[in-house]
Amino acid sequence: ENLQLAEVGDVNAAIAAKRSVELICMAEALHEKKISAIADRILKHRKNIRIILIAGPSSSGKTTFIRRLSIQLKVNNLHPVALSLDNYFVSREETPRDADGQYDYDAIEALDLPLLDDHLKKLINGVTVETPVYDFATGRRSPQTNPLYLKDNEILLIEGIHGLNPRLFPSLERNQLFKIYISALFQSNIDNYNR
């Protein structure tokens, strides 16, 4: 509505009228405004929130969203720390397989849930953990680990396909988690009858 684009023809007309830069700038500004509002909401409830979970389908813009949210959190004097769920994959031979016999890295059972839960509890309680480093070439964890400690002004950002799955965090209190799901809300209509 803000962009006054209901159909593909409206987009084409705006481009023909040399308004494409304006439309892009407005779309970017609207997106930034929403991210800023989310960062402000996180700040308002900061006393309880320790982990921000971001989930969404492939190509939904999770990585771009995290970069933008991180900037807005820094504006609010919060310091985001990223934790990759990919590093919590189980060894390849323990990875579940799909109906075609291929490794199913999208299955929640492909993650070492007990280790992840243990690490998150410790991080929230101010304990340093040695986070694993998964080696995709070997299909195993590297002997190298990365120490991680969450300071009072830091907040943990976790992004992944299972980011909102309650099985990831069985022992954490819900008020410690701030959940975000991102995806495209809709696609442009060709006309009043066709998407």
# chains A, B, ... in the order shown; residues from 1 in each chain; ligands from 1
>>> residues_around(residues="Tyr105 (chain A)", least_positions_apart="3", cutoff="9 Å", atoms="only C-alpha atoms", output="PyMOL selection string")
chain A and resi 89+95-97+108-111
>>> write_last_selection(atoms="C-alpha atoms", output="mmCIF file, in the first residue's frame")
data_model
loop_
_atom_site.group_PDB
_atom_site.id
_atom_site.type_symbol
_atom_site.label_atom_id
_atom_site.label_comp_id
_atom_site.auth_asym_id
_atom_site.auth_seq_id
_atom_site.Cartn_x
_atom_site.Cartn_y
_atom_site.Cartn_z
ATOM 1 C CA PHE A 89 25.696 -31.065 13.323
ATOM 2 C CA THR A 95 22.999 -37.905 10.202
ATOM 3 C CA PRO A 96 19.485 -39.100 9.365
ATOM 4 C CA ARG A 97 18.682 -39.947 5.763
ATOM 5 C CA ILE A 108 16.330 -31.611 13.531
ATOM 6 C CA GLU A 109 17.952 -34.954 14.422
ATOM 7 C CA ALA A 110 20.974 -33.845 12.359
ATOM 8 C CA LEU A 111 21.833 -31.524 15.262
#
>>> select_by_dssp(residues="region 69-164 of chain A", states="helix (DSSP H, G or I)", output="list in words")
Leu69, Ser70, Ile71, Gln72, Leu73, Lys74, Val75, Leu85, Asp86, Asn87, Tyr88, Arg92, Glu93, Glu94, Ile108, Glu109, Ala110, Leu113, Pro114, Leu115, Leu116, Asp117, Asp118, His119, Leu120, Lys121, Lys122, Leu123 and Ile124 of chain A
>>> select_by_dssp(residues="region 41-138 of chain A", states="strand (DSSP E)", output="number ranges by chain")
A: 51-55, 79-84, 129-135
>>> write_last_selection(atoms="N, CA and C atoms", output="PDB file, in the first residue's frame")
ATOM      1  N   ILE A  51      18.563 -14.580  24.122  1.00  0.00           N
ATOM      2  CA  ILE A  51      18.784 -15.212  22.824  1.00  0.00           C
ATOM      3  C   ILE A  51      17.730 -14.725  21.834  1.00  0.00           C
ATOM      4  N   ILE A  52      18.193 -14.357  20.634  1.00  0.00           N
ATOM      5  CA  ILE A  52      17.292 -14.003  19.543  1.00  0.00           C
ATOM      6  C   ILE A  52      17.383 -15.125  18.516  1.00  0.00           C
ATOM      7  N   LEU A  53      16.231 -15.687  18.186  1.00  0.00           N
ATOM      8  CA  LEU A  53      16.160 -16.780  17.223  1.00  0.00           C
ATOM      9  C   LEU A  53      15.569 -16.265  15.921  1.00  0.00           C
ATOM     10  N   ILE A  54      16.238 -16.536  14.806  1.00  0.00           N
ATOM     11  CA  ILE A  54      15.754 -16.094  13.505  1.00  0.00           C
ATOM     12  C   ILE A  54      15.574 -17.325  12.625  1.00  0.00           C
ATOM     13  N   ALA A  55      14.368 -17.494  12.109  1.00  0.00           N
ATOM     14  CA  ALA A  55      14.073 -18.618  11.229  1.00  0.00           C
ATOM     15  C   ALA A  55      13.329 -18.106  10.005  1.00  0.00           C
ATOM     16  N   HIS A  79      25.065  -5.744  22.137  1.00  0.00           N
ATOM     17  CA  HIS A  79      26.114  -6.271  21.271  1.00  0.00           C
ATOM     18  C   HIS A  79      25.784  -7.711  20.887  1.00  0.00           C
ATOM     19  N   PRO A  80      25.381  -7.905  19.632  1.00  0.00           N
ATOM     20  CA  PRO A  80      25.000  -9.246  19.188  1.00  0.00           C
ATOM     21  C   PRO A  80      26.217 -10.148  18.983  1.00  0.00           C
ATOM     22  N   VAL A  81      26.037 -11.402  19.355  1.00  0.00           N
ATOM     23  CA  VAL A  81      27.048 -12.430  19.164  1.00  0.00           C
ATOM     24  C   VAL A  81      26.375 -13.567  18.413  1.00  0.00           C
ATOM     25  N   ALA A  82      26.967 -13.975  17.299  1.00  0.00           N
ATOM     26  CA  ALA A  82      26.357 -15.012  16.467  1.00  0.00           C
ATOM     27  C   ALA A  82      26.795 -16.403  16.907  1.00  0.00           C
ATOM     28  N   LEU A  83      25.854 -17.325  16.838  1.00  0.00           N
ATOM     29  CA  LEU A  83      26.135 -18.738  17.079  1.00  0.00           C
ATOM     30  C   LEU A  83      25.504 -19.518  15.935  1.00  0.00           C
ATOM     31  N   SER A  84      26.310 -20.267  15.210  1.00  0.00           N
ATOM     32  CA  SER A  84      25.815 -21.013  14.055  1.00  0.00           C
ATOM     33  C   SER A  84      25.362 -22.410  14.462  1.00  0.00           C
ATOM     34  N   VAL A 129      31.824 -21.532  27.150  1.00  0.00           N
ATOM     35  CA  VAL A 129      31.715 -22.854  26.514  1.00  0.00           C
ATOM     36  C   VAL A 129      32.671 -22.919  25.334  1.00  0.00           C
ATOM     37  N   GLU A 130      33.056 -24.124  24.996  1.00  0.00           N
ATOM     38  CA  GLU A 130      33.882 -24.367  23.820  1.00  0.00           C
ATOM     39  C   GLU A 130      32.949 -24.836  22.706  1.00  0.00           C
ATOM     40  N   THR A 131      32.594 -23.914  21.804  1.00  0.00           N
ATOM     41  CA  THR A 131      31.650 -24.269  20.743  1.00  0.00           C
ATOM     42  C   THR A 131      32.363 -25.097  19.677  1.00  0.00           C
ATOM     43  N   PRO A 132      31.677 -26.104  19.158  1.00  0.00           N
ATOM     44  CA  PRO A 132      32.299 -26.954  18.140  1.00  0.00           C
ATOM     45  C   PRO A 132      32.448 -26.222  16.812  1.00  0.00           C
ATOM     46  N   VAL A 133      33.311 -26.764  15.983  1.00  0.00           N
ATOM     47  CA  VAL A 133      33.492 -26.282  14.607  1.00  0.00           C
ATOM     48  C   VAL A 133      33.280 -27.492  13.704  1.00  0.00           C
ATOM     49  N   TYR A 134      32.215 -27.452  12.920  1.00  0.00           N
ATOM     50  CA  TYR A 134      31.891 -28.586  12.055  1.00  0.00           C
ATOM     51  C   TYR A 134      32.659 -28.462  10.749  1.00  0.00           C
ATOM     52  N   ASP A 135      33.297 -29.544  10.333  1.00  0.00           N
ATOM     53  CA  ASP A 135      34.053 -29.583   9.084  1.00  0.00           C
ATOM     54  C   ASP A 135      33.206 -30.316   8.039  1.00  0.00           C
TER      55      ASP A 135
END
>>> residues_around(residues="region 119-124 of chain A", least_positions_apart="6", cutoff="7 Å", atoms="only C-alpha atoms", output="VMD selection string")
chain A and resid 50 149 to 150 172
>>> residues_around(residues="Leu116 (chain A)", least_positions_apart="6", cutoff="9 Å", atoms="only C-alpha atoms", output="list of chain:residue names")
A:Leu85, A:Tyr88, A:Thr131, A:Leu168, A:Phe169
>>> closest_atom_pairs(of="region 69-99 of chain A", to="region 140-144 of chain A", cutoff="9 Å", atoms="only C-alpha atoms", output="CSV")
residue,atom,partner,partner_atom,distance
A:Asn87,CA,A:Arg141,CA,7.6
A:Tyr88,CA,A:Arg141,CA,8.4
A:Phe89,CA,A:Arg141,CA,8.0
A:Val90,CA,A:Arg140,CA,7.2
A:Ser91,CA,A:Arg140,CA,4.7
A:Arg92,CA,A:Arg140,CA,6.4
A:Glu93,CA,A:Arg140,CA,9.0
